[in-house]
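Have a look at the structure below before the remarks.
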There are 2 protein chains.
Amino acid sequence: MDKIAKSQVQKKPAIRGKRPARKTPSIRKEELVTIAFDLFSERHVASVTIKDIARETGVNTALIYYYFENKEDLFGAVIEFAINRAFENFRKLHEQHLSPLDDLNAWINNNIEEFESIRKLVQISLDYSRTQKSIPAIERSIRQFYDEEVRILSNCIRKGIAEKTFKPVDADEFSRFISTYLDGLMVHSTILPETDLDRSVNQLRAVIWTMLGIEGTPPQSRQGSATP
Amino acid sequence: MDKIAKSQVQKKPAIRGKRPARKTPSIRKEELVTIAFDLFSERHVASVTIKDIARETGVNTALIYYYFENKEDLFGAVIEFAINRAFENFRKLHEQHLSPLDDLNAWINNNIEEFESIRKLVQISLDYSRTQKSIPAIERSIRQFYDEEVRILSNCIRKGIAEKTFKPVDADEFSRFISTYLDGLMVHSTILPETDLDRSVNQLRAVIWTMLGIEGTPPQSRQGSATP
DNA sequence: GTCTATATGCAGATAGAC
DNA sequence: GTCTATCTGCATATAGAC
């Protein structure tokens, strides 16, 4: 009884928070990683200071070193986080749809929906690649991300070809082509912010439809949200 | 006579160099810009120190401040330099070839030949875009670069369509598509260094040939140099 | 035009209180 | 878990000699 009471008393003062409420490690860590992810992708690691991240998160600089060994460690965690999130996203695409065409459309739509977050991931991967540092685990993750993206698309195309709804093409090669184009789109939209995403994706659809000999006009994305 | 002799004498002591031979301002400046260009594109501005550039150029840190106001100024000069060089390169493509098909091939080949230097330019443009700073002159240059690249290609496609050697497509839109794909390729080859450039370009050719309904198989790039 | 020497400031990182 | 205070080192930038 006394012991329990005591332990309760012990907890109370711990809960009385200062400015930023005391959070469980995992929450705080995730919070830091998410914010660092945004900052790093927007401005490059070297241009973002630990203080920037701390300020943006609303915590003190030193706290970052409580959760991460150093800036590089944080950067690693950020890449890992971004890639894992992207992978989770791929899972949606693994739910088997009925037709390869539906799968294809789902794949494209997913890329539109997740455009911003994929763009950030690509950007950070690019920044990482320009680092001299070599962290095998991260490199593996990045490769896996691209492989998985291409694999999903490639499977769907292969299936379509087998079913004769798509004209025969080299599925792997063509998937890589599409993936590369999308990367280009990410870069373009960063360099030229006025880039019309919907138009660019519609153009991609036009090419895919022609290459795969799909009948009819491809579905068009409209500007803004999906709501009418 | 005397005046001429005197001017010759004046020059002599100037030529007596220390470790790094004294150079004319324009040479040195260009040298610094070229080296900075390589470093910035490989490693991002913020990760390259003035000392790095000085060391690589074989001069003293302070000399950089003799030629440039500060690092940002140097960065601006680097972008300007890179874009101008790219523009000079475009001039080749303006020499009118005989057929649109030759023009198209020339355009693609140019992109292969200049791949490294365009990649660096794209990389630096991307880095610049992530800077908060807005230097209108630079932004204009970057836009002009993309516009020009697309314009050249688009003209050639338009001509081919007029001559009925190409199937009708939206020339501007399709040119932008190709340009975007190439940007993607630059990114890809940085992130995934094992990227097979020739294969990727051949795949691009396959798509272009299909989209434009060009008869026969497109010319294939082989690995390595053009020599047999 | 190029160097030596140096000021200055700030970013990354730690110690230790609470 | 979070903060205050502080050290350290290095990068940008300048002054001034040659």
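Every chain in the structure tokens has a letter given in the order shown (A, B, ...), and although residue numbers restart at 1 in each chain, ligands are simply numbered from 1 in the order shown.
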
Requested in this report: Skip DA17 of chain C itself and residues of its chain fewer than 5 positions away, then list as a PyMOL selection string all residues within 12 Å of it, counting only C-alpha atoms (C1' of nucleotides).
Outcome: chain D and resi 2-5

Kindly save the residues from that selection, with N, CA and C atoms (P, O5', C5', C4', C3', O3' and C1' of nucleotides) included, as a PDB file, in the first residue's frame.
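Saved file result37.pdb follows:
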ATOM      1  P    DT D   2      11.056  15.354 -23.134  1.00  0.00           P
ATOM      2  O5'  DT D   2      11.856  16.646 -22.679  1.00  0.00           O
ATOM      3  C5'  DT D   2      11.363  17.399 -21.594  1.00  0.00           C
ATOM      4  C4'  DT D   2      12.413  18.356 -21.096  1.00  0.00           C
ATOM      5  C3'  DT D   2      13.139  19.150 -22.183  1.00  0.00           C
ATOM      6  O3'  DT D   2      12.618  20.469 -22.217  1.00  0.00           O
ATOM      7  C1'  DT D   2      14.560  18.524 -20.379  1.00  0.00           C
ATOM      8  P    DC D   3      13.358  21.605 -23.090  1.00  0.00           P
ATOM      9  O5'  DC D   3      14.323  22.259 -21.991  1.00  0.00           O
ATOM     10  C5'  DC D   3      13.740  22.872 -20.860  1.00  0.00           C
ATOM     11  C4'  DC D   3      14.823  23.344 -19.911  1.00  0.00           C
ATOM     12  C3'  DC D   3      15.752  24.379 -20.540  1.00  0.00           C
ATOM     13  O3'  DC D   3      15.730  25.608 -19.829  1.00  0.00           O
ATOM     14  C1'  DC D   3      17.003  22.622 -19.522  1.00  0.00           C
ATOM     15  P    DT D   4      16.475  26.886 -20.520  1.00  0.00           P
ATOM     16  O5'  DT D   4      17.735  27.143 -19.601  1.00  0.00           O
ATOM     17  C5'  DT D   4      17.775  26.730 -18.232  1.00  0.00           C
ATOM     18  C4'  DT D   4      19.156  27.041 -17.685  1.00  0.00           C
ATOM     19  C3'  DT D   4      19.914  28.170 -18.370  1.00  0.00           C
ATOM     20  O3'  DT D   4      20.689  28.871 -17.397  1.00  0.00           O
ATOM     21  C1'  DT D   4      21.129  26.157 -18.638  1.00  0.00           C
ATOM     22  P    DA D   5      21.600  30.158 -17.821  1.00  0.00           P
ATOM     23  O5'  DA D   5      23.029  29.465 -17.920  1.00  0.00           O
ATOM     24  C5'  DA D   5      23.402  28.454 -16.985  1.00  0.00           C
ATOM     25  C4'  DA D   5      24.811  27.978 -17.319  1.00  0.00           C
ATOM     26  C3'  DA D   5      25.677  29.041 -18.003  1.00  0.00           C
ATOM     27  O3'  DA D   5      26.977  28.998 -17.436  1.00  0.00           O
ATOM     28  C1'  DA D   5      25.554  27.115 -19.367  1.00  0.00           C
TER      29       DA D   5
END

Which residues, written as a PDB file with C-alpha atoms, in the first residue's frame, have at least one atom at most 10 Å from Ala36 of chain B, with only C-alpha atoms (C1' of nucleotides) counted and residues fewer than 2 positions away on the same chain left out?
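Produced file selection-v5.pdb, reproduced below:
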ATOM      1  CA  GLU B  30      37.772  31.262 -64.262  1.00  0.00           C
ATOM      2  CA  GLU B  31      39.973  28.701 -62.597  1.00  0.00           C
ATOM      3  CA  LEU B  32      38.356  29.323 -59.243  1.00  0.00           C
ATOM      4  CA  VAL B  33      34.883  29.185 -60.715  1.00  0.00           C
ATOM      5  CA  THR B  34      35.538  25.916 -62.533  1.00  0.00           C
ATOM      6  CA  ASP B  38      32.999  20.811 -59.500  1.00  0.00           C
ATOM      7  CA  LEU B  39      33.114  20.886 -55.736  1.00  0.00           C
ATOM      8  CA  PHE B  40      29.721  22.498 -55.285  1.00  0.00           C
ATOM      9  CA  SER B  41      28.045  20.059 -57.604  1.00  0.00           C
ATOM     10  CA  GLU B  42      29.685  17.080 -56.023  1.00  0.00           C
ATOM     11  CA  VAL B  45      27.707  24.530 -51.336  1.00  0.00           C
ATOM     12  CA  VAL B  48      32.355  22.889 -49.343  1.00  0.00           C
ATOM     13  CA  THR B  49      34.571  25.313 -47.485  1.00  0.00           C
ATOM     14  CA  ILE B  50      36.455  28.238 -48.920  1.00  0.00           C
ATOM     15  CA  ASP B  52      38.602  23.392 -49.866  1.00  0.00           C
ATOM     16  CA  ILE B  53      38.330  25.518 -52.947  1.00  0.00           C
ATOM     17  CA  ALA B  54      41.573  27.329 -52.211  1.00  0.00           C
ATOM     18  CA  GLU B  56      42.072  22.465 -54.710  1.00  0.00           C
ATOM     19  CA  THR B  57      42.998  25.489 -56.786  1.00  0.00           C
ATOM     20  CA  LEU B  74      31.136  32.885 -55.824  1.00  0.00           C
ATOM     21  CA  PHE B  75      28.191  30.536 -55.882  1.00  0.00           C
ATOM     22  CA  ALA B  77      29.272  33.153 -60.449  1.00  0.00           C
ATOM     23  CA  VAL B  78      29.386  29.379 -60.558  1.00  0.00           C
TER      24      VAL B  78
END

Query raised in the report: Got a sec to pull out which chain C residues are within 12 Å of chain B, counting only C-alpha atoms (C1' of nucleotides), and send them as a ChimeraX atom specification?
Result: /C:1-6

Residues of the last selection are to be written out with C-alpha atoms (C1' of nucleotides), as a PDB file, in the first residue's frame.
ATOM      1  C1'  DG C   1      47.873  39.382 -57.488  1.00  0.00           C
ATOM      2  C1'  DT C   2      49.075  36.600 -53.733  1.00  0.00           C
ATOM      3  C1'  DC C   3      50.331  35.569 -49.182  1.00  0.00           C
ATOM      4  C1'  DT C   4      50.486  35.502 -43.640  1.00  0.00           C
ATOM      5  C1'  DA C   5      48.206  36.284 -39.732  1.00  0.00           C
ATOM      6  C1'  DT C   6      44.278  36.899 -37.307  1.00  0.00           C
TER       7       DT C   6
END

Report task. Skip DA7 of chain C itself and residues of its chain fewer than 3 positions away, then list as a PyMOL selection string all residues within 12 Å of it, counting only C-alpha atoms (C1' of nucleotides). Result -> chain D and resi 12-15

Query - 12 Å contact set for Cys156 of chain A, only C-alpha atoms (C1' of nucleotides), chain neighbours under 2 positions out, as JSON, numbers by chain - result: {"A": [93, 94, 95, 96, 97, 98, 99, 100, 101, 102, 103, 104, 105, 106, 107, 108, 149, 150, 151, 152, 153, 154, 158, 159, 160, 161, 162, 163, 165, 166, 171, 172, 174, 175, 212]}

Take the residues that were just selected and, keeping N, CA, C and O atoms, output them as a short mmCIF file (atom, residue, chain, number, x, y, z; two decimals), in the first residue's frame.
data_model
loop_
_atom_site.label_atom_id
_atom_site.label_comp_id
_atom_site.auth_asym_id
_atom_site.auth_seq_id
_atom_site.Cartn_x
_atom_site.Cartn_y
_atom_site.Cartn_z
N LEU A 93 -0.37 -0.90 -52.27
CA LEU A 93 -0.35 -1.33 -53.67
C LEU A 93 -0.28 -2.84 -53.81
O LEU A 93 -0.44 -3.38 -54.90
N HIS A 94 -0.02 -3.49 -52.68
CA HIS A 94 0.06 -4.95 -52.76
C HIS A 94 -1.30 -5.61 -52.64
O HIS A 94 -1.46 -6.76 -53.01
N GLU A 95 -2.27 -4.86 -52.09
CA GLU A 95 -3.63 -5.42 -52.10
C GLU A 95 -3.99 -5.65 -53.56
O GLU A 95 -4.01 -4.71 -54.35
N GLN A 96 -4.24 -6.87 -53.91
CA GLN A 96 -4.46 -7.16 -55.31
C GLN A 96 -5.75 -6.52 -55.82
O GLN A 96 -6.82 -6.70 -55.25
N HIS A 97 -5.63 -5.77 -56.84
CA HIS A 97 -6.81 -5.24 -57.51
C HIS A 97 -7.27 -6.27 -58.52
O HIS A 97 -6.65 -7.31 -58.70
N LEU A 98 -8.32 -5.96 -59.22
CA LEU A 98 -8.84 -6.91 -60.18
C LEU A 98 -7.99 -6.96 -61.44
O LEU A 98 -7.41 -7.96 -61.78
N SER A 99 -7.91 -5.83 -62.10
CA SER A 99 -7.22 -5.85 -63.39
C SER A 99 -5.87 -5.17 -63.29
O SER A 99 -5.64 -4.31 -62.44
N PRO A 100 -4.94 -5.54 -64.15
CA PRO A 100 -3.64 -4.85 -64.23
C PRO A 100 -3.83 -3.35 -64.48
O PRO A 100 -3.05 -2.54 -63.99
N LEU A 101 -4.84 -3.02 -65.23
CA LEU A 101 -5.09 -1.61 -65.51
C LEU A 101 -5.43 -0.85 -64.24
O LEU A 101 -4.95 0.27 -64.02
N ASP A 102 -6.24 -1.47 -63.40
CA ASP A 102 -6.56 -0.85 -62.11
C ASP A 102 -5.30 -0.70 -61.26
O ASP A 102 -5.09 0.32 -60.62
N ASP A 103 -4.50 -1.75 -61.28
CA ASP A 103 -3.25 -1.70 -60.52
C ASP A 103 -2.37 -0.57 -61.01
O ASP A 103 -1.80 0.19 -60.23
N LEU A 104 -2.28 -0.48 -62.32
CA LEU A 104 -1.47 0.57 -62.91
C LEU A 104 -1.96 1.95 -62.48
O LEU A 104 -1.19 2.81 -62.05
N ASN A 105 -3.27 2.13 -62.57
CA ASN A 105 -3.84 3.40 -62.16
C ASN A 105 -3.60 3.67 -60.68
O ASN A 105 -3.29 4.78 -60.29
N ALA A 106 -3.74 2.63 -59.90
CA ALA A 106 -3.51 2.79 -58.46
C ALA A 106 -2.06 3.21 -58.20
O ALA A 106 -1.79 4.09 -57.37
N TRP A 107 -1.17 2.62 -58.94
CA TRP A 107 0.25 2.94 -58.77
C TRP A 107 0.51 4.41 -59.10
O TRP A 107 1.17 5.12 -58.36
N ILE A 108 -0.05 4.84 -60.21
CA ILE A 108 0.14 6.24 -60.61
C ILE A 108 -0.49 7.18 -59.59
O ILE A 108 0.12 8.16 -59.17
N GLU A 149 9.68 -0.18 -55.66
CA GLU A 149 8.83 0.67 -56.48
C GLU A 149 8.72 0.08 -57.89
O GLU A 149 7.63 -0.05 -58.45
N VAL A 150 9.88 -0.26 -58.43
CA VAL A 150 9.92 -0.80 -59.79
C VAL A 150 9.29 -2.19 -59.84
O VAL A 150 8.57 -2.52 -60.79
N ARG A 151 9.52 -2.96 -58.81
CA ARG A 151 9.01 -4.33 -58.78
C ARG A 151 7.48 -4.35 -58.84
O ARG A 151 6.88 -5.11 -59.61
N ILE A 152 6.87 -3.50 -58.02
CA ILE A 152 5.41 -3.46 -58.00
C ILE A 152 4.86 -3.11 -59.37
O ILE A 152 3.97 -3.78 -59.90
N LEU A 153 5.43 -2.09 -59.95
CA LEU A 153 4.97 -1.65 -61.26
C LEU A 153 5.22 -2.72 -62.31
O LEU A 153 4.35 -3.02 -63.14
N SER A 154 6.40 -3.27 -62.23
CA SER A 154 6.80 -4.26 -63.21
C SER A 154 5.89 -5.49 -63.16
O SER A 154 5.48 -6.02 -64.20
N ARG A 158 3.74 -6.86 -66.25
CA ARG A 158 3.93 -8.24 -66.69
C ARG A 158 2.60 -9.00 -66.74
O ARG A 158 2.30 -9.70 -67.69
N LYS A 159 1.83 -8.78 -65.69
CA LYS A 159 0.53 -9.44 -65.61
C LYS A 159 -0.36 -8.99 -66.77
O LYS A 159 -1.02 -9.82 -67.41
N GLY A 160 -0.35 -7.69 -67.01
CA GLY A 160 -1.16 -7.16 -68.11
C GLY A 160 -0.76 -7.73 -69.45
O GLY A 160 -1.61 -7.99 -70.31
N ILE A 161 0.54 -7.91 -69.60
CA ILE A 161 1.02 -8.46 -70.86
C ILE A 161 0.58 -9.92 -71.00
O ILE A 161 0.11 -10.35 -72.05
N ALA A 162 0.71 -10.65 -69.90
CA ALA A 162 0.29 -12.06 -69.91
C ALA A 162 -1.19 -12.18 -70.26
O ALA A 162 -1.60 -13.07 -71.01
N GLU A 163 -1.97 -11.24 -69.74
CA GLU A 163 -3.42 -11.26 -70.01
C GLU A 163 -3.78 -10.64 -71.35
O GLU A 163 -4.96 -10.49 -71.66
N THR A 165 -3.82 -7.63 -72.12
CA THR A 165 -4.45 -6.31 -72.11
C THR A 165 -3.41 -5.22 -72.40
O THR A 165 -3.75 -4.12 -72.78
N PHE A 166 -2.14 -5.58 -72.21
CA PHE A 166 -1.05 -4.65 -72.56
C PHE A 166 -0.24 -5.25 -73.71
O PHE A 166 -0.07 -6.47 -73.79
N ALA A 171 9.07 -5.33 -69.31
CA ALA A 171 8.39 -4.76 -68.14
C ALA A 171 9.36 -4.08 -67.17
O ALA A 171 9.10 -2.97 -66.70
N ASP A 172 10.46 -4.74 -66.88
CA ASP A 172 11.44 -4.16 -65.96
C ASP A 172 11.98 -2.84 -66.49
O ASP A 172 12.02 -1.83 -65.79
N PHE A 174 10.83 -0.88 -68.79
CA PHE A 174 9.84 0.19 -68.91
C PHE A 174 9.45 0.74 -67.53
O PHE A 174 9.23 1.94 -67.37
N SER A 175 9.40 -0.12 -66.55
CA SER A 175 9.09 0.34 -65.19
C SER A 175 10.17 1.27 -64.68
O SER A 175 9.89 2.29 -64.06
N LEU A 212 1.91 0.79 -73.94
CA LEU A 212 1.27 -0.48 -73.59
C LEU A 212 0.08 -0.78 -74.50
O LEU A 212 -0.62 -1.78 -74.30
#
